[in-house]
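I have placed the structure first, in the form of C-alpha cells, so that the comments after it can refer back to it.
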Amino acid sequence: MERNALLAVVLSLLILVLWNEFVVKQYAPPPAPVDSETLPQRDPRSIDPQPQAPTAPSAPEAPGAPERVTAQPATAAGIGGSDVVVESDLFRAVFTTLGARLKSLELKNYRANIRENSAAQNLVNTLPGATLPLGVHLRGGTESKDDASVLYEASAKSRSVSGSQSETIEFVGSLGGAQITKRFEITGDVYLWRATVEVSNPPAFASEIGITWDGSLEDAGRYGSTDTSAAFPFNNILALEDDTLQTNARSDLIIDAENAGASFNGPTEWIGFSGQYFFSGLISGGEPSDQHVRAWAGNKDNRVRAMMRFVGQTERAELLIYTGPKDIDLLEASGHSLRRALDLGWFTVVALPMLQFLRFLYQFTGNYGVNIILLTILIKILFYPLTKKSFQSMKAMQKLQPRMERLKENYKDKPDELNKAVMEMYREEGVNPLGGCLPMFLQIPVFVGLYNALLNAVELRHAPFAGWIQDLAAPDRLGSMQLPFVTGAGIPILTLIMGASMLIQQKMTPTTTADPMQQRMMMLMPVVFTFMFINFPAGLVLYWLVNNILTIGQQYMINRQQDA
C-alpha cells in the first residue's frame, strides 16, 4: 500500500508537469504560409469572418465580430506613410502616418535573444504583410469602415520623453466624411500609455468605435536563446471579461465556416496578446460597465486581431495601452487588474510569494541562479519535519515487509482476512501506512507553485547563472554536439547530473514492497524525469537538482540517526 501511494504521488507530479508543459504552455504549430495569389478577391489582410464573394457561403457571425473591410490596410512595410518616432526610457515606438498605426515597439531593456548583437525585443509583428496595431473601425449593423488606408498628418516627426514627464503625439486624418484624431500620451518611465480617439461627423450607420491590436500567434521560441522567431513572443489572446480571465489559443479564434472568432460580450476590462514573458493589451480607460466596453478576437489565415469595442460611442473612445514585460510589480502598478495577465496556475497563492522572494534576494545576490538555490534550501528546511516523518514511516514499512509477505502467503485466497491481518499488524507496530505519502501530498502545491513561478518569471529570461549556463530560461547546453531528443545543439550537462542525483536518491529510499515490477517502475522514474527535463529551462533543472541533493543529505542524516 505504501509503495502504491508513493507511486501515485510521483505520477501525479509527473502528470501535472507534463500537462502544464505540453498542453497548457504549448500551442498548435503554425499553419502553412498562405500564398496571396491563391486568396479570393478580398482585402488580403482582412480577418473578417464573412467572405467577400457573394456566392460563397457566409460564416456564422459572432456578436461584435468585425465586418468585411475593403480598404487596403497599413502593413509592416508602411508603404505610402512616413515614420514618427517616440523615444522613452523604456522603449522606442515607431508609428507610420499610413493608418496612424504602430509600426514597431522595441523594448530597450530586453533583447530578442541572448546573443550579444541581438536586437531589442520587438512587440509588434514585423513579418512581411503583417497588419499593424491601433486601427480604428467605425462599425454598425453590417457596415464597417476602418482607417487602414487613411494618410494621417502627425503633430511632430519625433518625440523624446524621460522620467515622469509625458509627451503627446497626435494624428489627424479623414475617413470618408469623418475626421479622425488619434492622440497618444506616453510617459518616460512606464510601459502604460494613454490613447484617445475622437471622431467628428461619424457616418450615420456607426454605432460603436473599435480599436484593434493586430499580429499573429507564431511559435515564439519559448526559451529565447537562439530562436529568431522570439521576435514576436506571443502565443495566445487574454481578455478580462466580467472579472473572469479568458485565455484563447490560436485554434480557439479561427474564422471559418463554423466559427467566427471569440466574442466577449460581458464588460471587458482589457484584451491583448500574451506570451510567456510579455503582454501587449488594450485596456478600458474607465469602468467597463460605464463605457459599455466589449471585445472580440479572431484568427484568419494566422493573422490575429484583438478588438476593443466601445459600444454606443461614435465620437470618442478612451483607453490605455500596456506594451511591456509581465513583471509583477509593473502590472500591479498599472491597475485595472492587469496583474492577472501573469497567470501562475492553480497555486498562485503559493507561487507569487516565492517569485517575490526570488526578486527580494536578487537585491543582495545579483544572481537568480543563486536565489533558486537559496529558496530551495529554505523550502527543504521548512519541510524537514515532514520529510523526516515520511522517511521514518517508509523505514518502518520496510522492516515489516517480511511479515507482510508471510501474511500474503497465509491468506493468499482470503483477501478480506488478509486486509484485517495487515491492519492488525499496523496497529501492533504503531505504523501508519500512509505516513510516508501524506507529507509528500502536502508539498505538491509548493512544488507546482515554484514550477510555475520559475517557468513564467521574466526575471529569469536571459539571466546568467554560472559557467555555460548563461540563460536560466533556456535549456542548459554545453558544446555543439546534436543529440537525439534534444532541442538545440549541445549536451544537457545539468540535466544529466540531475538525473544521476535522482537515481542516487531513489536507491537510498527504503523499499517498502517486494514486488519486482513496482521496484523496476520506481527505478525508471529518474530516467523518465531526465528525458522530461532535457528541454526544460535551466532554472527549473537547477531547482530540481538542488532539491535532490538536499534530499540525499537529509536521507543520509536520518539513516545515521536511526542506525545509531
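All residue names refer to the C-alpha cells as shown: chains lettered A, B, ... in order, residues numbered from 1 in each chain, ligands numbered from 1 in order.
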Run DSSP on the backbone and tell me which residues of stretch 320-404 of chain A come out as strand (DSSP E or B); list them as a PyMOL selection string. chain A and resi 320-325
Hey, can you spit out that residue selection with C-alpha atoms as a JSON list (two decimals), in the first residue's frame?
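Result file follows (out-v3.json):
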```json
[["chain", "number", "residue", "atom", "x", "y", "z"],
["A", 320, "LEU", "CA", -4.92, 52.68, -22.01],
["A", 321, "ILE", "CA", -2.27, 50.58, -23.72],
["A", 322, "TYR", "CA", 0.25, 48.33, -22.00],
["A", 323, "THR", "CA", 3.19, 47.08, -24.03],
["A", 324, "GLY", "CA", 5.89, 45.52, -21.93],
["A", 325, "PRO", "CA", 7.12, 42.65, -19.74]]
```
With a distance cut-off of 10 Å and only C-alpha atoms, select the neighbouring residues of A:Arg305, excluding the residue or stretch itself and same-chain residues fewer than 3 positions from it, and output the selection as a CSV table (one decimal) with N, CA and C atoms, in the first residue's frame.
```csv
chain,number,residue,atom,x,y,z
A,46,SER,N,-7.6,41.3,-44.4
A,46,SER,CA,-8.8,41.3,-43.6
A,46,SER,C,-9.0,39.9,-42.8
A,47,ILE,N,-9.5,40.0,-41.6
A,47,ILE,CA,-9.8,38.8,-40.9
A,47,ILE,C,-11.3,38.7,-40.6
A,48,ASP,N,-12.0,39.3,-41.5
A,48,ASP,CA,-13.5,39.3,-41.4
A,48,ASP,C,-14.0,37.9,-41.6
A,66,PRO,N,-15.9,41.7,-36.4
A,66,PRO,CA,-15.7,42.8,-37.4
A,66,PRO,C,-16.3,42.4,-38.8
A,131,THR,N,-0.5,43.0,-40.5
A,131,THR,CA,-1.3,44.1,-40.2
A,131,THR,C,-0.8,44.8,-38.9
A,132,LEU,N,-0.8,46.1,-38.9
A,132,LEU,CA,-0.3,46.8,-37.8
A,132,LEU,C,-1.3,47.2,-36.7
A,133,PRO,N,-0.9,47.3,-35.5
A,133,PRO,CA,-1.9,47.6,-34.4
A,133,PRO,C,-2.4,49.0,-34.4
A,212,THR,N,-8.2,48.2,-32.6
A,212,THR,CA,-7.6,46.9,-32.8
A,212,THR,C,-6.1,46.8,-32.5
A,213,TRP,N,-5.7,45.6,-32.0
A,213,TRP,CA,-4.3,45.3,-31.9
A,213,TRP,C,-4.1,44.0,-32.8
A,214,ASP,N,-3.3,44.1,-33.8
A,214,ASP,CA,-3.2,43.0,-34.8
A,214,ASP,C,-1.8,42.4,-34.7
A,215,GLY,N,-1.7,41.2,-35.1
A,215,GLY,CA,-0.4,40.5,-35.1
A,215,GLY,C,-0.7,39.0,-35.6
A,216,SER,N,0.1,38.1,-35.0
A,216,SER,CA,-0.1,36.7,-35.3
A,216,SER,C,0.3,36.0,-34.0
A,217,LEU,N,0.0,34.7,-33.9
A,217,LEU,CA,0.4,33.9,-32.8
A,217,LEU,C,1.4,32.9,-33.2
A,237,ILE,N,-4.4,34.9,-26.8
A,237,ILE,CA,-5.1,36.1,-26.5
A,237,ILE,C,-5.7,36.0,-25.1
A,253,LEU,N,-9.6,30.8,-32.0
A,253,LEU,CA,-10.0,32.0,-32.7
A,253,LEU,C,-10.2,31.9,-34.2
A,261,GLY,N,-14.5,33.5,-34.6
A,261,GLY,CA,-13.6,34.1,-33.6
A,261,GLY,C,-14.3,33.9,-32.2
A,272,GLY,N,-5.7,41.5,-25.0
A,272,GLY,CA,-4.4,41.7,-25.7
A,272,GLY,C,-3.7,40.4,-26.0
A,273,PHE,N,-2.5,40.5,-26.6
A,273,PHE,CA,-1.7,39.4,-26.9
A,273,PHE,C,-0.8,39.1,-25.7
A,296,TRP,N,-13.6,41.5,-29.0
A,296,TRP,CA,-13.7,40.4,-29.9
A,296,TRP,C,-12.3,40.1,-30.4
A,297,ALA,N,-12.1,38.8,-30.7
A,297,ALA,CA,-10.8,38.4,-31.3
A,297,ALA,C,-11.0,37.3,-32.3
A,298,GLY,N,-10.2,37.3,-33.4
A,298,GLY,CA,-10.3,36.4,-34.4
A,298,GLY,C,-9.0,36.1,-35.1
A,299,ASN,N,-9.0,34.9,-35.8
A,299,ASN,CA,-7.8,34.4,-36.5
A,299,ASN,C,-8.1,34.0,-37.9
A,300,LYS,N,-7.7,34.8,-38.8
A,300,LYS,CA,-7.9,34.5,-40.3
A,300,LYS,C,-6.6,34.3,-40.9
A,302,ASN,N,-4.0,32.8,-39.9
A,302,ASN,CA,-2.9,33.1,-39.0
A,302,ASN,C,-2.6,34.6,-38.8
```
Just give me the gap between atom CA of A:Lys389 and atom CA of A:Met423 in Å, one decimal is fine.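 So the answer is 19.9 Å.
The space separating atom CA of A:Pro402 from atom CA of A:Ile558 comes to 22.4 Å.
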Do you know which residues are at most 12 Å from A:Arg403 counting only C-alpha atoms, after dropping those on the same chain fewer than 2 positions away, and could you put them as a PyMOL selection string? chain A and resi 396-401+405-410+418+421-422+424-426+429+512-514
How close does stretch 261-294 of chain A get to stretch 443-461 of chain A? List, as JSON lines, each residue of stretch 261-294 of chain A within 9 Å, its nearest atom pair and the distance in Å to one decimal, counting only C-alpha atoms.
```
{"residue": "A:Gln276", "atom": "CA", "partner": "A:Asn456", "partner_atom": "CA", "distance": 5.8}
{"residue": "A:Tyr277", "atom": "CA", "partner": "A:Val458", "partner_atom": "CA", "distance": 5.1}
{"residue": "A:Phe278", "atom": "CA", "partner": "A:Val458", "partner_atom": "CA", "distance": 8.0}
```
Produce a file of the selected residues containing N, CA and C atoms, as a PDB file, in the first residue's frame.
```
ATOM      1  N   GLN A 276       4.783  34.115 -22.850  1.00  0.00           N
ATOM      2  CA  GLN A 276       5.369  33.646 -21.598  1.00  0.00           C
ATOM      3  C   GLN A 276       5.910  34.804 -20.769  1.00  0.00           C
ATOM      4  N   TYR A 277       6.447  35.826 -21.433  1.00  0.00           N
ATOM      5  CA  TYR A 277       7.114  36.901 -20.706  1.00  0.00           C
ATOM      6  C   TYR A 277       6.585  38.304 -21.001  1.00  0.00           C
ATOM      7  N   PHE A 278       5.790  38.492 -22.070  1.00  0.00           N
ATOM      8  CA  PHE A 278       5.377  39.832 -22.472  1.00  0.00           C
ATOM      9  C   PHE A 278       3.881  39.896 -22.718  1.00  0.00           C
TER      10      PHE A 278
END
```
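Proximity of A:Leu240, A:Ser263, A:Ile255, A:Leu542 to A:Arg339, computed with only C-alpha atoms, is greatest for A:Leu240.
Among A:Gly539, A:Gly163, A:Pro203, A:Gly266, the residue with the shortest atom-to-atom distance to A:Asp471, counting only C-alpha atoms, is A:Gly539.
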Tell me which protein, DNA and RNA residues are within 9 Å of A:Tyr368, counting only C-alpha atoms, leaving out same-chain ones fewer than 2 positions away, and put them as a PyMOL selection string. chain A and resi 358-359+361-362+365-366+370-373+459-460+463-465+472+539
If I take atom CA of A:His336 and atom CA of A:Ile283, how far is one from the other in Å, to one decimal?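 Atom CA of A:Ile283 lies 7.6 Å from atom CA of A:His336.
Across A:Asn259, A:Thr530, A:Ser88, A:Ser501, the tightest approach to A:Phe485 is made by A:Thr530 when counting only C-alpha atoms.
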Might you pull out every residue within 10 Å of A:Glu153, with only C-alpha atoms counted and same-chain residues fewer than 5 positions away left off, and present them as an NGL selection string? :A and (81-82 or 97-100 or 170-174 or 181)
